[in-house]
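One structure is given here, and the rest of the page talks about it.
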Amino acid sequence: MTDDGASDSSPPHSTRTILVAGTASHVGKSTVAAGLSRLLADRGFSVAPFKAQNMSNNARAVPIAPAVAGSSAERGGDAGDADTVTDAAFGEIGVSQYVQARAARVTPTTDHNPVLLKPRGEGESQLVVNGRPAGNHAASDYYEEGWHRARDAAEAAHARLGRQHDVVIAEGAGSIAEINLHHRDLANVETTRFADADVLLVADIERGGVFASLVGTLELVPDDVRDRIAGAVITKFRGDESLLSDGLDAFEERTGVPVLGVLPYDDPGLPEEDSVSLPAIDERAAVGASANESEAAITIAVPRLPRISNATDLEPLAAEPGVRVEYVPLDADLSSADAVVLPGSKNTADDLRACREAGLHDRLHEFSGPIVGLCGGYQLLGERLRNVGAESVRGGDELPGFGLLPVETRFSTEKRVAPVRWRFDGTGPFDEFAGTVSGYEIHTGETSLVADADTLSGADASPNADTLSGADASPNADTLSDAGTPVAPFVADGRADATLGIARGRVLGTYLHGLFENDEVRDAFCDHLFAAAGKSRPTGDELAVSPYDRAAALVSRLDLEPLGFEAVGDD
C-alpha cells in the first residue's frame, strides 16, 4: 500500500470515468456533473463524483476516506509547516463535490475531492490533501513542492473510487485549454490521462462566442486529450434552439465532435462552488429569490469580506420568499438593513484589518438590529484576536476586534473539522427556537470568554466563567450596556461555552456552519425580522423537486450514447 492509501493506481477496466470539462470557468460544469450523477444513479448505476483538484473557500466537513485515515503521509505535510486537525476522522472537500455526492446518493468522503486549495490572500493558498491541511503555499511553491504529492493522492483516490463504483463523474476546473498549465493541469489533463476518461466538453453560450470557444479549445488541448473528447454540451441557452442548427452542423463537420445537447438557461438551486459568483468587494448587490424586491421584503446585509469563505451559509436565507440577502462593501451604510450576517473568512486577521480600515466596526455598533457572526464572523465580533501571525499572511501578534461579544480568539496550527449536532436554546432573534441543530465546523483558532466579562449564563464549564470583574472593563461596554449578560445558547456533550458560540442581546456568534440550513432556525430568524419590520412574511410554495432532481431533469435531454449509456434515454 502506498503512503496515500492505495494498493494500486489503476481502476478496474469496467469502471467508466466521464470528465466534465469546460472551455472556461463558470460554464456550468458543476451543474452538469451533479445532474449526471443523479440521472445515472437513478438509472441503477453506482456513481461517485470526483474532482482531482479544486480551488475554493466553500468547503464541507466529511469523513476521511477509510483507506487514508491512518496513513502517516496524510497527517498534514511537514512538521511546523501545516496545521493539525483536532478530529482526525473528518476532513474537508469543496462544496460542489459534497453536493455531487448527495446527488449520486453516496456518502461524501475526502476521496471525492482529494486536493483542495483554499486561497488566503497575498497569492497564497492552504493546501488540503485527502481532507487534511498540508501547509500554505504560493502558486510557484505549490508546483515545485506539493504538486507531485497532490497528483499521487488524486490518482490513488480515483483508483479507490473506481474499485467501488460503476461510474465516476469527474469535474474539471476552469478551462481544459490553458496551454501554460498543460504539464501540471491536475483537474483536467492529468485526470483524463490517469482515469482514461471520456471527456464531455461544456461551453456557455450566454457569454457569446460559443463556437469559437469550442473550436479554439479543441485546437489547444493536447493531442491525447483531444482524442478522448466524446462530445460537447452548450449551456445557458435562451430562445429558439432551431436558430442554432446551422452552427451546430458546421461545428460538427469542422471538428468531428458531436454536440450532445443544448441546455436551456436554468438554475436548479445548487450551492455555488466559490466566491467568484459573488458581487465584487466594492459592489452592493442583492442575491436570491427576492433580490429585486424592496418595499415588501426584509434585507439582510452581508459585509463582503475580501477573503470570504463558506458563503453558502447565506444561500438558504436568500432562497426565502421576501428575503433580500444583500452583499455590501465594508464601508457601506447599514441603516436600511433589517439584520447583518457576518460570514466566514479564510483569513480572519487580515479581513479584520480591512474591516476596521473601512470603519465597519463603528457602523455595527451604531446598527440597532440583529447581528449574527458565523465562524470567522464570530471571531470578528469579539474583543480581540491573539497570535494572529498563525492566521495572517501579514503577521502580527494581537488585533482589536469589533467588541460586540466578550470573547477573544487565539490562533494556532490546530484546525477543527467535523460535522456536528448541538442543542440550540434560541435567544435574541432566534428566541422562538429550541431544539437540535446540525451543521459542521471548519476553523482554526479557539474562542474563549475574556477575563473581564460577565459570567456566561449556563456556561459554568467555561474556563473564564468564574471571572466577575464585569463587562464595563470592555472598551465597548457603553455601547452594549443594555445588552445584558452573555449567554451560551449552544450545548454539545454537556458543554456550553464560547468554543461553540455565545450571544448577548441582539448579537450572536457561533462556529456552526450550516446554521440557516436548519429549517426551524431559519424560520425563527425570518419570523423575528418580519415582525420587527412590521411586515407580513410571504408564504412560498415548497419546491416539489429537489435541486438534484432539477439538475438531473436539465441534463436528461443530452444524448449520452457517445458516452456509452445507450439505455439511459429510454424510460
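By convention in this document, the chains of the C-alpha cells carry letters A, B, ... by their order, each chain's residues are numbered from 1, and ligands are numbered from 1 in the order they are shown.
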Considering only C-alpha atoms, tabulate each residue of region 110-200 of chain A that lies at most 9 Å from region 94-101 of chain A along with its nearest interatomic pair and the corresponding distance in Å to one decimal; arrange the rows by chain and ascending residue number and present them as JSON lines.
{"residue": "A:His112", "atom": "CA", "partner": "A:Gln97", "partner_atom": "CA", "distance": 6.2}
{"residue": "A:Asn113", "atom": "CA", "partner": "A:Gln97", "partner_atom": "CA", "distance": 6.5}
{"residue": "A:Leu116", "atom": "CA", "partner": "A:Gly94", "partner_atom": "CA", "distance": 6.8}
{"residue": "A:Ile169", "atom": "CA", "partner": "A:Gln100", "partner_atom": "CA", "distance": 8.9}
{"residue": "A:Glu171", "atom": "CA", "partner": "A:Gln97", "partner_atom": "CA", "distance": 8.7}
With C-alpha atoms kept, could you save the residues just selected as a PDB file, in the first residue's frame?
ATOM      1  CA  HIS A 112     -14.363  12.786  -3.905  1.00  0.00           C
ATOM      2  CA  ASN A 113     -12.053  15.832  -3.783  1.00  0.00           C
ATOM      3  CA  LEU A 116      -8.315  21.370  -2.238  1.00  0.00           C
ATOM      4  CA  ILE A 169     -18.322  11.598 -12.828  1.00  0.00           C
ATOM      5  CA  GLU A 171     -15.385  17.584 -12.846  1.00  0.00           C
TER       6      GLU A 171
END
Legend entry - Polymer residues at most 7 Å from Leu19 (chain A), only C-alpha atoms, same-chain spacing of 5 or more positions, as an MDAnalysis selection string: chainID A and resid 169:172 192 197:200
Write to file, as an mmCIF file, in the first residue's frame, the residues of the selection just made, with N, CA, C and O atoms.
data_model
loop_
_atom_site.group_PDB
_atom_site.id
_atom_site.type_symbol
_atom_site.label_atom_id
_atom_site.label_comp_id
_atom_site.auth_asym_id
_atom_site.auth_seq_id
_atom_site.Cartn_x
_atom_site.Cartn_y
_atom_site.Cartn_z
ATOM 1 N N ILE A 169 -18.066 10.333 -12.139
ATOM 2 C CA ILE A 169 -18.322 11.598 -12.828
ATOM 3 C C ILE A 169 -17.327 12.619 -12.292
ATOM 4 O O ILE A 169 -17.475 13.128 -11.181
ATOM 5 N N ALA A 170 -16.286 12.869 -13.075
ATOM 6 C CA ALA A 170 -15.245 13.805 -12.660
ATOM 7 C C ALA A 170 -15.554 15.195 -13.191
ATOM 8 O O ALA A 170 -16.113 15.350 -14.282
ATOM 9 N N GLU A 171 -15.212 16.194 -12.421
ATOM 10 C CA GLU A 171 -15.385 17.584 -12.846
ATOM 11 C C GLU A 171 -14.025 18.226 -13.037
ATOM 12 O O GLU A 171 -13.139 18.104 -12.178
ATOM 13 N N GLY A 172 -13.851 18.900 -14.163
ATOM 14 C CA GLY A 172 -12.625 19.633 -14.391
ATOM 15 C C GLY A 172 -12.642 20.978 -13.686
ATOM 16 O O GLY A 172 -13.549 21.295 -12.919
ATOM 17 N N THR A 192 -7.784 13.210 -17.117
ATOM 18 C CA THR A 192 -8.101 12.488 -18.353
ATOM 19 C C THR A 192 -7.152 11.320 -18.550
ATOM 20 O O THR A 192 -7.571 10.212 -18.931
ATOM 21 N N ALA A 197 -10.311 8.782 -19.068
ATOM 22 C CA ALA A 197 -11.672 9.323 -19.058
ATOM 23 C C ALA A 197 -12.150 9.693 -20.456
ATOM 24 O O ALA A 197 -11.363 10.110 -21.318
ATOM 25 N N ASP A 198 -13.450 9.547 -20.661
ATOM 26 C CA ASP A 198 -14.113 10.178 -21.788
ATOM 27 C C ASP A 198 -14.453 11.605 -21.363
ATOM 28 O O ASP A 198 -14.962 11.828 -20.247
ATOM 29 N N VAL A 199 -14.223 12.576 -22.250
ATOM 30 C CA VAL A 199 -14.364 13.983 -21.896
ATOM 31 C C VAL A 199 -15.624 14.548 -22.528
ATOM 32 O O VAL A 199 -15.864 14.400 -23.730
ATOM 33 N N LEU A 200 -16.427 15.202 -21.695
ATOM 34 C CA LEU A 200 -17.604 15.936 -22.141
ATOM 35 C C LEU A 200 -17.267 17.414 -22.025
ATOM 36 O O LEU A 200 -17.036 17.918 -20.924
#
Inset, instruction - Please provide the set of residues having any atom within 6 Å of region 62-68 of chain A, restricted to only C-alpha atoms, with same-chain residues fewer than 5 positions apart removed, written as a ChimeraX atom specification. - result: /A:5,89-92,109-111
Go ahead and write the selection's residues with N, CA and C atoms as a compact mmCIF listing (two decimals), in the first residue's frame.
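Saved result, out.txt, follows:
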# COMPACT_ATOMS: atom_id res chain seq x y z
N GLY A 5 -2.52 5.55 0.60
CA GLY A 5 -3.58 4.62 0.93
C GLY A 5 -4.05 3.76 -0.21
N ALA A 89 -10.94 12.03 12.26
CA ALA A 89 -11.88 11.21 11.49
C ALA A 89 -12.50 11.97 10.33
N PHE A 90 -12.34 13.30 10.31
CA PHE A 90 -13.02 14.11 9.31
C PHE A 90 -12.04 15.05 8.61
N GLY A 91 -12.37 15.34 7.37
CA GLY A 91 -11.60 16.29 6.59
C GLY A 91 -12.53 17.17 5.80
N GLU A 92 -11.97 18.00 4.91
CA GLU A 92 -12.81 18.93 4.15
C GLU A 92 -12.64 18.74 2.65
N THR A 109 -17.04 11.66 0.92
CA THR A 109 -15.78 11.41 1.62
C THR A 109 -14.69 12.25 0.96
N THR A 110 -13.51 12.22 1.56
CA THR A 110 -12.41 13.01 1.02
C THR A 110 -11.92 12.47 -0.32
N ASP A 111 -12.22 11.22 -0.66
CA ASP A 111 -11.83 10.70 -1.97
C ASP A 111 -12.51 11.46 -3.11
Legend entry - Expected answer as a ChimeraX atom specification: strand (DSSP E or B) residues in region 121-183 of chain A: /A:121,124-129,132-138,167-171
Inset, instruction - Can you work out which one of A:Asp42, A:Glu446, A:Glu144, A:Glu414 has the shortest atom-to-atom distance to Leu385 (chain A), counting only C-alpha atoms? - result: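 Using only C-alpha atoms, Leu385 (chain A) sits closest to A:Glu446.
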Inset, instruction - Can you list, as a PyMOL selection string, all residues belonging to region 130-266 of chain A that DSSP tags as helix (DSSP H, G or I)? - result: chain A and resi 139-164+182-184+186-195+210-220+223-226+241-255
Inset, instruction - Write out as a PyMOL selection string each polymer residue whose atoms come within 12 Å of Pro279 (chain A), counting only C-alpha atoms; drop sequence neighbours fewer than 5 positions from it. - result: chain A and resi 274+284-287+302-306+308+311+325-329
